[in-house]
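Okay, work08.cif now, which holds mmCIF, C-alpha atoms:
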```cif
data_run
loop_
_atom_site.label_atom_id
_atom_site.label_comp_id
_atom_site.auth_asym_id
_atom_site.auth_seq_id
_atom_site.Cartn_x
_atom_site.Cartn_y
_atom_site.Cartn_z
CA MET A 26 53.96 45.27 104.81
CA SER A 27 56.30 44.79 101.90
CA ASN A 28 57.70 47.59 99.83
CA VAL A 29 55.49 46.74 96.86
CA ARG A 30 52.36 46.84 98.98
CA GLN A 31 53.39 50.19 100.43
CA GLN A 32 53.92 51.57 96.97
CA LEU A 33 50.57 50.23 95.83
CA HIS A 34 48.83 51.91 98.74
CA ALA A 35 50.64 55.12 97.93
CA ALA A 36 49.52 54.88 94.31
CA LYS A 37 45.93 54.40 95.43
CA ALA A 38 45.68 58.10 96.22
CA ALA A 39 46.24 58.93 92.57
CA TYR A 40 43.81 56.18 91.58
CA ASP A 41 41.10 57.66 93.79
CA GLY A 42 41.72 61.08 92.31
CA MET A 43 40.52 60.04 88.86
CA LYS A 44 37.03 61.13 87.92
CA TYR A 45 34.88 60.33 84.95
CA PRO A 46 35.09 63.34 82.59
CA GLY A 47 31.39 63.99 82.08
CA ASN A 48 27.93 62.93 83.15
CA LEU A 49 27.53 59.28 82.35
CA ALA A 50 23.82 59.16 83.16
CA ALA A 51 23.04 62.03 80.82
CA GLU A 52 25.19 60.57 78.05
CA VAL A 53 23.86 57.03 78.24
CA LEU A 54 20.23 57.67 79.05
CA PHE A 55 20.05 60.42 76.40
CA ARG A 56 21.64 58.11 73.86
CA GLN A 57 19.05 55.42 74.63
CA LYS A 58 16.24 57.95 74.30
CA ARG A 59 17.61 59.21 70.99
CA THR A 60 17.90 55.65 69.69
CA SER A 61 14.33 54.81 70.63
CA ARG A 62 13.05 58.02 69.00
CA TRP A 63 14.89 57.17 65.83
CA MET A 64 13.38 53.69 65.82
CA VAL A 65 9.86 55.08 66.32
CA ARG A 66 10.34 57.51 63.43
CA ALA A 67 11.63 54.79 61.15
CA ALA A 68 8.71 52.53 62.04
CA ALA A 69 6.21 55.34 61.41
CA LEU A 70 7.74 56.15 58.02
CA GLY A 71 7.66 52.48 57.08
CA ALA A 72 4.02 52.17 58.06
CA ILE A 73 3.09 55.25 56.01
CA ALA A 74 4.96 53.92 52.98
CA ALA A 75 3.23 50.55 53.29
CA ALA A 76 -0.18 52.18 53.59
CA LEU A 77 0.46 54.32 50.49
CA THR A 78 1.56 51.26 48.52
CA VAL A 79 -1.54 49.30 49.50
CA ALA A 80 -3.79 52.25 48.66
CA ALA A 81 -2.14 52.63 45.24
CA ILE A 82 -2.59 48.93 44.48
CA LEU A 83 -6.25 48.99 45.49
CA ASN A 84 -7.02 52.12 43.43
CA PHE A 85 -5.52 50.79 40.20
CA ARG A 86 -8.05 48.27 38.85
CA PRO A 87 -8.14 46.76 35.36
CA ASN A 88 -10.67 48.70 33.23
CA HIS A 89 -11.41 46.23 30.45
CA VAL A 90 -9.91 43.19 28.77
CA LYS A 91 -9.49 42.98 25.02
CA PRO A 92 -8.74 39.69 23.36
CA GLY A 93 -5.83 40.13 20.96
CA GLY A 94 -7.31 39.30 17.49
CA ASN A 95 -7.13 36.00 15.52
CA GLY A 96 -7.40 33.96 18.67
CA ALA A 97 -3.68 34.34 19.26
CA GLY A 98 -4.23 34.30 22.95
CA ALA A 99 -2.99 37.75 23.66
CA LEU A 100 -4.62 39.06 26.78
CA ALA A 101 -4.65 42.80 26.61
CA THR A 102 -5.40 44.39 29.90
CA THR A 103 -5.52 48.11 30.27
CA LEU A 104 -4.75 49.37 33.76
CA LYS A 105 -6.31 52.73 34.16
CA ALA A 106 -7.83 54.56 37.04
CA PRO A 107 -11.53 54.68 36.25
CA PRO A 108 -13.25 58.02 36.29
CA ALA A 109 -15.84 58.45 38.95
CA GLN A 110 -18.84 58.41 36.57
CA GLU A 111 -17.70 55.27 34.77
CA SER A 112 -17.01 53.23 37.84
CA ALA A 113 -20.50 51.67 37.77
CA ALA A 114 -20.11 50.53 34.14
CA VAL A 115 -16.94 48.55 34.57
CA SER A 116 -17.32 45.15 32.97
CA PRO A 117 -16.09 42.08 34.81
CA VAL A 118 -12.70 40.87 33.77
CA SER A 119 -12.62 37.54 31.97
CA LEU A 120 -9.46 35.59 32.48
CA GLU A 121 -10.47 32.61 30.31
CA MET A 122 -7.85 31.70 27.74
CA PRO A 123 -9.00 31.18 24.12
CA GLY A 124 -9.18 27.61 22.83
CA MET A 125 -6.45 25.88 20.84
CA PRO A 126 -6.48 26.60 17.05
CA GLN A 127 -7.68 23.68 14.93
CA PHE A 128 -5.29 21.77 12.68
CA PRO A 129 -5.92 22.51 8.97
CA GLU A 130 -7.75 19.76 7.13
CA GLY A 131 -6.27 17.97 4.07
CA MET A 132 -2.71 18.15 5.26
CA SER A 133 -0.84 15.02 6.27
CA MET A 134 1.94 14.96 8.79
CA VAL A 135 4.14 12.63 6.61
CA PRO A 136 5.30 13.54 3.06
CA SER A 137 4.16 11.21 0.28
CA ALA A 138 6.58 8.52 -1.01
CA GLY A 139 6.51 9.79 -4.63
CA SER A 140 8.01 13.09 -3.71
CA PHE A 141 11.43 11.45 -3.06
CA ALA A 142 11.88 10.67 -6.84
CA ASP A 143 11.80 14.38 -7.67
CA LEU A 144 14.87 15.15 -5.62
CA PRO A 145 17.65 16.83 -7.66
CA GLY A 146 20.94 15.02 -8.16
CA MET A 147 24.08 15.65 -6.18
CA PRO A 148 26.34 18.39 -7.60
CA LEU A 149 29.45 17.15 -9.42
CA MET A 150 32.75 17.42 -7.64
CA PRO A 151 35.65 18.76 -9.76
CA SER A 152 38.43 16.21 -10.39
CA LEU A 153 42.03 16.76 -9.27
CA SER A 154 43.36 16.98 -12.84
CA THR A 155 40.96 19.79 -13.66
CA ILE A 156 42.19 21.77 -10.66
CA GLU A 157 45.88 21.25 -11.60
CA THR A 158 45.37 22.55 -15.15
CA GLU A 159 43.64 25.58 -13.82
CA PHE A 160 46.65 26.39 -11.64
CA GLN A 161 49.21 25.80 -14.42
CA GLU A 162 47.59 28.17 -16.91
CA PRO A 163 48.67 31.70 -16.00
CA SER A 164 45.84 34.04 -15.71
CA PRO A 165 45.77 37.02 -18.05
CA THR A 166 45.98 39.33 -15.14
CA THR A 167 49.32 37.81 -14.04
CA GLN A 168 50.78 38.06 -17.51
CA GLU A 169 49.87 41.67 -17.76
CA ALA A 170 51.53 42.31 -14.48
CA LEU A 171 54.74 40.69 -15.65
CA MET B 159 26.07 51.23 96.76
CA ALA B 160 24.11 48.62 98.59
CA GLY B 161 27.01 47.94 100.84
CA SER B 162 28.00 51.53 101.42
CA GLY B 163 24.45 52.57 102.19
CA ARG B 164 24.45 55.41 99.66
CA VAL B 165 22.22 53.52 97.26
CA ASN B 166 19.62 51.45 98.98
CA THR B 167 17.66 48.50 97.72
CA ALA B 168 14.66 50.67 96.89
CA ILE B 169 16.68 52.59 94.33
CA ILE B 170 18.01 49.36 92.86
CA ALA B 171 14.48 47.99 92.63
CA ALA B 172 13.24 51.17 90.96
CA ALA B 173 16.13 51.10 88.51
CA ARG B 174 15.35 47.48 87.68
CA LEU B 175 11.80 48.54 86.86
CA GLY B 176 13.19 51.08 84.42
CA GLN B 177 12.78 54.31 86.36
CA LYS B 178 15.19 56.80 84.79
CA ASP B 179 15.88 58.77 87.95
CA ALA B 180 16.92 55.66 89.83
CA GLN B 181 19.04 54.48 86.92
CA ALA B 182 20.72 57.87 86.70
CA ARG B 183 21.53 57.74 90.39
CA LEU B 184 23.12 54.31 90.04
CA LEU B 185 25.18 55.48 87.09
CA ASN B 186 26.32 58.54 89.02
CA GLU B 187 27.57 56.27 91.77
CA LEU B 188 29.29 53.86 89.43
CA GLN B 189 30.85 56.14 86.82
CA ASP B 190 34.01 56.95 88.79
CA PRO B 191 34.82 53.36 89.92
CA TRP B 192 34.21 52.17 86.36
CA PHE B 193 36.43 54.91 84.95
CA ARG B 194 39.29 54.28 87.39
CA LEU B 195 39.17 50.58 86.69
CA SER B 196 39.04 51.04 82.93
CA VAL B 197 41.90 53.55 82.86
CA SER B 198 44.03 51.27 85.03
CA LEU B 199 43.39 48.26 82.81
CA LEU B 200 43.31 49.94 79.40
CA GLY B 201 45.90 52.64 80.07
CA ASN B 202 44.13 55.28 77.99
CA ALA B 203 41.54 57.77 79.21
CA GLU B 204 39.72 58.11 75.90
CA VAL B 205 39.41 54.38 75.38
CA ALA B 206 38.43 54.04 79.03
CA ARG B 207 35.62 56.53 78.51
CA ASP B 208 34.25 54.45 75.66
CA ALA B 209 34.54 51.38 77.86
CA VAL B 210 32.60 53.08 80.66
CA GLN B 211 29.78 54.06 78.32
CA GLU B 212 29.56 50.55 76.93
CA THR B 213 29.62 49.21 80.49
CA ALA B 214 26.76 51.51 81.46
CA LEU B 215 24.63 50.40 78.52
CA ARG B 216 25.27 46.78 79.32
CA PHE B 217 24.61 47.41 83.01
CA LEU B 218 21.20 48.92 82.26
CA ARG B 219 20.36 46.06 79.90
CA GLN B 220 21.33 43.39 82.39
CA LEU B 221 19.96 45.13 85.49
CA PRO B 222 16.61 43.27 85.44
CA THR B 223 18.55 40.00 85.68
CA PHE B 224 20.53 41.10 88.75
CA ALA B 225 19.78 38.43 91.30
CA GLY B 226 21.33 40.14 94.31
CA GLN B 227 23.66 37.27 95.11
CA SER B 228 26.52 39.74 95.35
CA GLU B 229 26.65 43.46 95.98
CA LEU B 230 25.53 45.60 93.10
CA LYS B 231 28.92 47.30 92.92
CA THR B 232 30.74 43.98 92.69
CA TRP B 233 28.36 42.87 89.97
CA ALA B 234 28.81 46.18 88.14
CA ILE B 235 32.60 45.95 88.37
CA GLY B 236 32.34 42.45 86.88
CA ILE B 237 30.50 43.90 83.88
CA ALA B 238 33.22 46.54 83.47
CA ILE B 239 35.94 43.88 83.54
CA ASN B 240 34.16 41.90 80.83
CA VAL B 241 33.83 45.01 78.67
CA VAL B 242 37.51 45.84 79.12
CA ARG B 243 38.51 42.29 78.21
CA GLU B 244 36.40 42.41 75.06
CA MET B 245 37.80 45.79 74.05
CA LYS B 246 41.32 44.52 74.51
CA ARG B 247 40.60 41.55 72.30
CA LYS B 248 39.01 43.70 69.59
CA ARG B 249 41.33 46.69 69.66
CA ARG B 250 44.79 45.58 68.74
CA PRO B 251 47.39 46.91 69.10
CA ILE B 252 46.51 48.04 72.59
CA PRO B 253 47.38 51.70 73.10
CA VAL B 254 50.54 52.21 75.08
CA PRO B 255 49.56 52.41 78.73
CA GLN B 256 50.01 55.84 80.12
CA PRO B 257 50.62 56.48 83.79
CA MET B 258 47.29 56.46 85.56
CA LEU B 259 48.09 59.75 87.24
CA SER B 260 46.40 62.92 86.17
CA PRO B 261 48.66 65.62 84.77
CA ALA B 262 47.58 67.84 87.62
CA ALA B 263 49.24 65.53 90.11
CA ASP B 264 52.31 66.74 91.92
CA VAL B 265 54.66 65.86 89.09
CA GLU B 266 57.89 66.97 90.63
CA SER B 267 57.53 65.23 93.91
CA GLU B 268 59.24 61.98 94.68
CA GLN B 269 55.92 60.35 95.49
CA ALA B 270 54.59 61.12 92.04
CA GLU B 271 57.63 59.53 90.50
CA GLU B 272 57.12 56.40 92.58
CA ARG B 273 53.50 56.24 91.51
CA GLN B 274 54.50 56.48 87.90
CA VAL B 275 56.93 53.63 88.38
CA ILE B 276 54.20 51.54 89.97
CA ALA B 277 51.86 52.37 87.10
CA ALA B 278 54.48 51.37 84.55
CA VAL B 279 55.23 48.11 86.35
CA LEU B 280 51.52 47.39 86.64
CA ALA B 281 51.08 47.94 82.93
CA GLU B 282 53.68 45.25 82.22
CA LEU B 283 51.78 42.58 84.16
CA PRO B 284 49.62 39.98 82.44
CA GLU B 285 45.96 40.94 82.16
CA ARG B 286 44.59 38.77 84.96
CA GLN B 287 47.31 39.77 87.39
CA ARG B 288 46.70 43.44 86.69
CA GLU B 289 42.97 42.97 87.22
CA ALA B 290 43.55 41.24 90.53
CA ILE B 291 45.94 43.93 91.79
CA VAL B 292 43.65 46.78 90.75
CA LEU B 293 40.60 45.21 92.35
CA ARG B 294 42.34 44.16 95.57
CA PHE B 295 44.52 47.20 96.21
CA PHE B 296 42.90 50.10 94.38
CA GLN B 297 39.23 49.17 94.51
CA GLU B 298 39.86 47.68 97.99
CA MET B 299 37.66 44.70 97.28
CA SER B 300 37.85 41.56 99.37
CA VAL B 301 39.09 38.28 97.97
CA GLN B 302 35.50 37.10 97.72
CA GLN B 303 34.36 40.24 95.89
CA THR B 304 37.36 40.11 93.57
CA ALA B 305 36.59 36.50 92.75
CA ALA B 306 32.98 37.39 91.99
CA ALA B 307 34.01 40.30 89.77
CA MET B 308 36.63 38.28 87.92
CA SER B 309 34.35 35.24 87.64
CA CYS B 310 36.87 32.88 89.20
CA ALA B 311 37.50 31.03 92.46
CA GLU B 312 38.82 32.73 95.58
CA GLY B 313 41.90 30.52 95.52
CA THR B 314 42.63 31.70 92.02
CA VAL B 315 42.47 35.31 93.19
CA LYS B 316 44.91 34.63 96.02
CA ALA B 317 47.34 32.84 93.74
CA THR B 318 47.06 35.52 91.06
CA VAL B 319 47.68 38.34 93.53
CA HIS B 320 50.66 36.44 94.94
CA GLN B 321 52.17 35.96 91.48
CA ALA B 322 51.51 39.57 90.58
CA LEU B 323 53.19 40.93 93.71
CA ARG B 324 56.19 38.69 93.13
CA ALA B 325 56.45 39.83 89.51
CA MET B 326 56.14 43.47 90.54
CA ARG B 327 58.82 43.04 93.17
CA ALA B 328 61.17 41.55 90.60
CA LYS B 329 60.47 44.30 88.09
CA LEU B 330 60.94 47.04 90.69
CA SER B 331 64.23 45.60 91.88
CA GLY B 332 65.32 45.27 88.25
CA ARG B 333 64.52 48.94 87.68
CA ARG B 334 66.48 49.97 90.73
CA MET B 335 69.45 47.96 89.54
CA THR B 336 69.19 49.68 86.17
CA GLU B 337 69.02 53.10 87.78
CA MET B 338 72.08 52.33 89.93
CA ASP B 339 74.06 50.71 87.11
CA PRO B 340 72.82 51.35 83.55
CA ARG B 341 74.85 48.35 82.27
CA HIS B 342 72.07 46.11 83.65
CA SER B 343 69.64 47.50 81.17
CA GLY B 344 70.86 45.06 78.76
#
```
If you took the structure in this file and wrote it as structure tokens, what would it be?
Amino acid sequence: MSNVRQQLHAAKAAYDGMKYPGNLAAEVLFRQKRTSRWMVRAAALGAIAAALTVAAILNFRPNHVKPGGNGAGALATTLKAPPAQESAAVSPVSLEMPGMPQFPEGMSMVPSAGSFADLPGMPLMPSLSTIETEFQEPSPTTQEAL
Amino acid sequence: MAGSGRVNTAIIAAARLGQKDAQARLLNELQDPWFRLSVSLLGNAEVARDAVQETALRFLRQLPTFAGQSELKTWAIGIAINVVREMKRKRRPIPVPQPMLSPAADVESEQAEERQVIAAVLAELPERQREAIVLRFFQEMSVQQTAAAMSCAEGTVKATVHQALRAMRAKLSGRRMTEMDPRHSG
């Protein structure tokens, strides 16, 4: 047996002396149990929250529908929890949209040809000479300042 | 284990069916071999403890798929090796390997010093070579069992052990030369 093998066999005694510091079964199995409990609790809380949400949605029913005046198409819906005594008198909700407003009579889509003659003329553009004279004449304000 | 007769096939079957008592008994049998292996390969007791716990969880998860083609202990050691490999890949830099001796060991004796030298030389080996040496010499597994645990061929195990012993011999002789003449240290 070579020297290395002898040394390895000698080191095996120290290797065999090592022990796991704790109780693995308790640590691992407890951890699994704790994890599964946590999952069950989370699932239960989720189910309760879902049930409450569904119950809230089912309890809130539209009470009545008011058309928004002038046929503008506004659909006013009041969401209110009905009192117990009024629950029998709830009218059915109508979701029909009002019809399109009619186009006013006597109005044409195209303007008449005569109306073009009444257009005002283009404004006059000042000439360059007029502008130059305006700049050459000192303004009274400048003279006073000098 | 199945081979040693301490854990019979009935306990393995019960553990596979999810019986906690049987699973606890298997874990009690495996916790020390797993810990020794993990400390030897990872070089750190705290990290090794994490590795053992992860190994145990994976062992329990995979237990229903255990086909019985190898001994349960060999199969379980294979799981531990995979966990250690994954931890080494994820946790970089690897903590400096400490001697795998407990502080309570006979520190002042010459034998303890030799063991520490062996531990240090072992820590310098490549990963596969270290695995092969630990399984063959410390876990006292056969070539066939080592191959099954390392998921490789028996010939590979033999060659790896041979290379590892040669490398260890060279490192040990280099250390002796350094001790005799410090100028060799480089």
If you take all atoms listed in the file and a cut-off of 6 Å, which residues of chain A touch chain B, and what are their nearest atom pairs and distances in Å to one decimal, in chain and number order, as CSV?
```
residue,atom,partner,partner_atom,distance
A:Ala36,CA,B:Arg273,CA,5.1
A:Lys37,CA,B:Phe296,CA,5.4
A:Ala39,CA,B:Leu259,CA,5.7
A:Lys44,CA,B:Asp190,CA,5.2
A:Tyr45,CA,B:Asp190,CA,5.2
A:Ala50,CA,B:Ala182,CA,4.9
```
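Note that CA of Leu33 in chain A and CA of Glu244 in chain B are 26.3 Å apart.
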ask   = Quick one: distance from CA of Ile239 in chain B to CA of Met308 in chain B in Å, one decimal?
value =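 So the two atoms, CA of Ile239 in chain B and CA of Met308 in chain B, lie 7.1 Å apart.
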note = Correct to one decimal, the distance CA of Ala75 in chain A-CA of Trp63 in chain A is 18.4 Å
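Distances to Val319 in chain B were evaluated for A:Ser154, A:Ile73, A:Pro129, A:Val29 using only C-alpha atoms, and the minimum falls at A:Val29.
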request  = Can you work out which one of B:Gln302, B:Thr167, B:Gln287, B:Thr336 has the shortest atom-to-atom distance to Gln321 in chain B, counting all atoms listed in the file?
outcome  =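 Going through B:Gln302, B:Thr167, B:Gln287, B:Thr336 one by one, the smallest distance to Gln321 in chain B is for B:Gln287.
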message = Using only C-alpha atoms - which residues lie no farther than 10 Å from the point (40.9, 32.5, 100.0) in the file's frame? Write them as a list of chain:residue names.
response =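 All residues meeting the 10 Å criterion around (40.9, 32.5, 100.0) are B:Ser300, B:Val301, B:Gln302, B:Ala305, B:Ala311, B:Glu312, B:Gly313, B:Thr314, B:Val315, B:Lys316, B:Ala317.
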Any chance you could export the current selection's C-alpha atoms as a PDB file, in the coordinates of the input?
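Full text of out-v7.pdb as output:
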```pdb
ATOM      1  CA  SER B 300      37.850  41.560  99.370  1.00  0.00           C
ATOM      2  CA  VAL B 301      39.090  38.280  97.970  1.00  0.00           C
ATOM      3  CA  GLN B 302      35.500  37.100  97.720  1.00  0.00           C
ATOM      4  CA  ALA B 305      36.590  36.500  92.750  1.00  0.00           C
ATOM      5  CA  ALA B 311      37.500  31.030  92.460  1.00  0.00           C
ATOM      6  CA  GLU B 312      38.820  32.730  95.580  1.00  0.00           C
ATOM      7  CA  GLY B 313      41.900  30.520  95.520  1.00  0.00           C
ATOM      8  CA  THR B 314      42.630  31.700  92.020  1.00  0.00           C
ATOM      9  CA  VAL B 315      42.470  35.310  93.190  1.00  0.00           C
ATOM     10  CA  LYS B 316      44.910  34.630  96.020  1.00  0.00           C
ATOM     11  CA  ALA B 317      47.340  32.840  93.740  1.00  0.00           C
TER      12      ALA B 317
END
```
Identify all residues satisfying the PyMOL selection byres ((chain B and resi 219) around 12) in the given file; provide them as a PDB file with C-alpha atoms, in the coordinates of the input.
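selection.pdb, written as the output of this step:
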```pdb
ATOM      1  CA  VAL A  53      23.860  57.030  78.240  1.00  0.00           C
ATOM      2  CA  LEU A  54      20.230  57.670  79.050  1.00  0.00           C
ATOM      3  CA  GLN A  57      19.050  55.420  74.630  1.00  0.00           C
TER       4      GLN A  57
ATOM      5  CA  ALA B 173      16.130  51.100  88.510  1.00  0.00           C
ATOM      6  CA  ARG B 174      15.350  47.480  87.680  1.00  0.00           C
ATOM      7  CA  LEU B 175      11.800  48.540  86.860  1.00  0.00           C
ATOM      8  CA  GLY B 176      13.190  51.080  84.420  1.00  0.00           C
ATOM      9  CA  GLN B 181      19.040  54.480  86.920  1.00  0.00           C
ATOM     10  CA  GLU B 212      29.560  50.550  76.930  1.00  0.00           C
ATOM     11  CA  THR B 213      29.620  49.210  80.490  1.00  0.00           C
ATOM     12  CA  ALA B 214      26.760  51.510  81.460  1.00  0.00           C
ATOM     13  CA  LEU B 215      24.630  50.400  78.520  1.00  0.00           C
ATOM     14  CA  ARG B 216      25.270  46.780  79.320  1.00  0.00           C
ATOM     15  CA  PHE B 217      24.610  47.410  83.010  1.00  0.00           C
ATOM     16  CA  LEU B 218      21.200  48.920  82.260  1.00  0.00           C
ATOM     17  CA  GLN B 220      21.330  43.390  82.390  1.00  0.00           C
ATOM     18  CA  LEU B 221      19.960  45.130  85.490  1.00  0.00           C
ATOM     19  CA  PRO B 222      16.610  43.270  85.440  1.00  0.00           C
ATOM     20  CA  THR B 223      18.550  40.000  85.680  1.00  0.00           C
ATOM     21  CA  PHE B 224      20.530  41.100  88.750  1.00  0.00           C
ATOM     22  CA  ALA B 234      28.810  46.180  88.140  1.00  0.00           C
ATOM     23  CA  ILE B 237      30.500  43.900  83.880  1.00  0.00           C
TER      24      ILE B 237
END
```
Only N, CA, C and O atoms, please: range 122-137 of chain A from the block, as a compact mmCIF listing (two decimals), in the first residue's frame.
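Dumped everything to out.txt:
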```
# COMPACT_ATOMS: atom_id res chain seq x y z
N MET A 122 -80.38 52.04 -26.65
CA MET A 122 -79.83 53.37 -26.88
C MET A 122 -80.87 54.22 -27.60
O MET A 122 -81.63 53.70 -28.42
N PRO A 123 -80.95 55.52 -27.30
CA PRO A 123 -81.90 56.39 -28.03
C PRO A 123 -81.51 56.51 -29.49
O PRO A 123 -80.34 56.34 -29.86
N GLY A 124 -82.52 56.83 -30.33
CA GLY A 124 -82.27 56.93 -31.77
C GLY A 124 -81.40 58.14 -32.13
O GLY A 124 -81.16 59.02 -31.30
N MET A 125 -80.94 58.16 -33.37
CA MET A 125 -80.11 59.27 -33.85
C MET A 125 -80.95 60.53 -33.98
O MET A 125 -82.11 60.46 -34.40
N PRO A 126 -80.44 61.72 -33.62
CA PRO A 126 -81.20 62.97 -33.82
C PRO A 126 -81.37 63.27 -35.30
O PRO A 126 -80.50 62.98 -36.12
N GLN A 127 -82.52 63.85 -35.66
CA GLN A 127 -82.81 64.13 -37.07
C GLN A 127 -82.09 65.40 -37.52
O GLN A 127 -81.88 66.33 -36.73
N PHE A 128 -81.73 65.42 -38.79
CA PHE A 128 -81.04 66.59 -39.37
C PHE A 128 -82.04 67.72 -39.55
O PHE A 128 -83.17 67.47 -39.98
N PRO A 129 -81.69 68.95 -39.16
CA PRO A 129 -82.69 70.05 -39.29
C PRO A 129 -83.06 70.32 -40.74
O PRO A 129 -82.21 70.27 -41.62
N GLU A 130 -84.36 70.57 -40.96
CA GLU A 130 -84.83 70.80 -42.33
C GLU A 130 -84.49 72.22 -42.77
O GLU A 130 -84.33 73.12 -41.94
N GLY A 131 -84.41 72.46 -44.11
CA GLY A 131 -84.16 73.79 -44.64
C GLY A 131 -82.71 74.21 -44.58
O GLY A 131 -82.38 75.38 -44.72
N MET A 132 -81.84 73.32 -44.32
CA MET A 132 -80.42 73.68 -44.27
C MET A 132 -79.67 72.81 -45.26
O MET A 132 -79.82 71.59 -45.23
N SER A 133 -78.94 73.48 -46.17
CA SER A 133 -78.21 72.70 -47.17
C SER A 133 -76.79 72.46 -46.69
O SER A 133 -76.25 73.21 -45.86
N MET A 134 -76.20 71.43 -47.19
CA MET A 134 -74.84 71.08 -46.79
C MET A 134 -73.81 71.96 -47.49
O MET A 134 -72.70 72.14 -47.00
N VAL A 135 -74.19 72.55 -48.70
CA VAL A 135 -73.22 73.33 -49.50
C VAL A 135 -73.63 74.80 -49.45
O VAL A 135 -74.81 75.12 -49.62
N PRO A 136 -72.75 75.75 -49.22
CA PRO A 136 -73.12 77.18 -49.24
C PRO A 136 -73.50 77.63 -50.64
O PRO A 136 -73.00 77.09 -51.63
N SER A 137 -74.40 78.61 -50.72
CA SER A 137 -74.88 79.08 -52.03
C SER A 137 -73.77 79.85 -52.76
O SER A 137 -72.87 80.42 -52.13
```
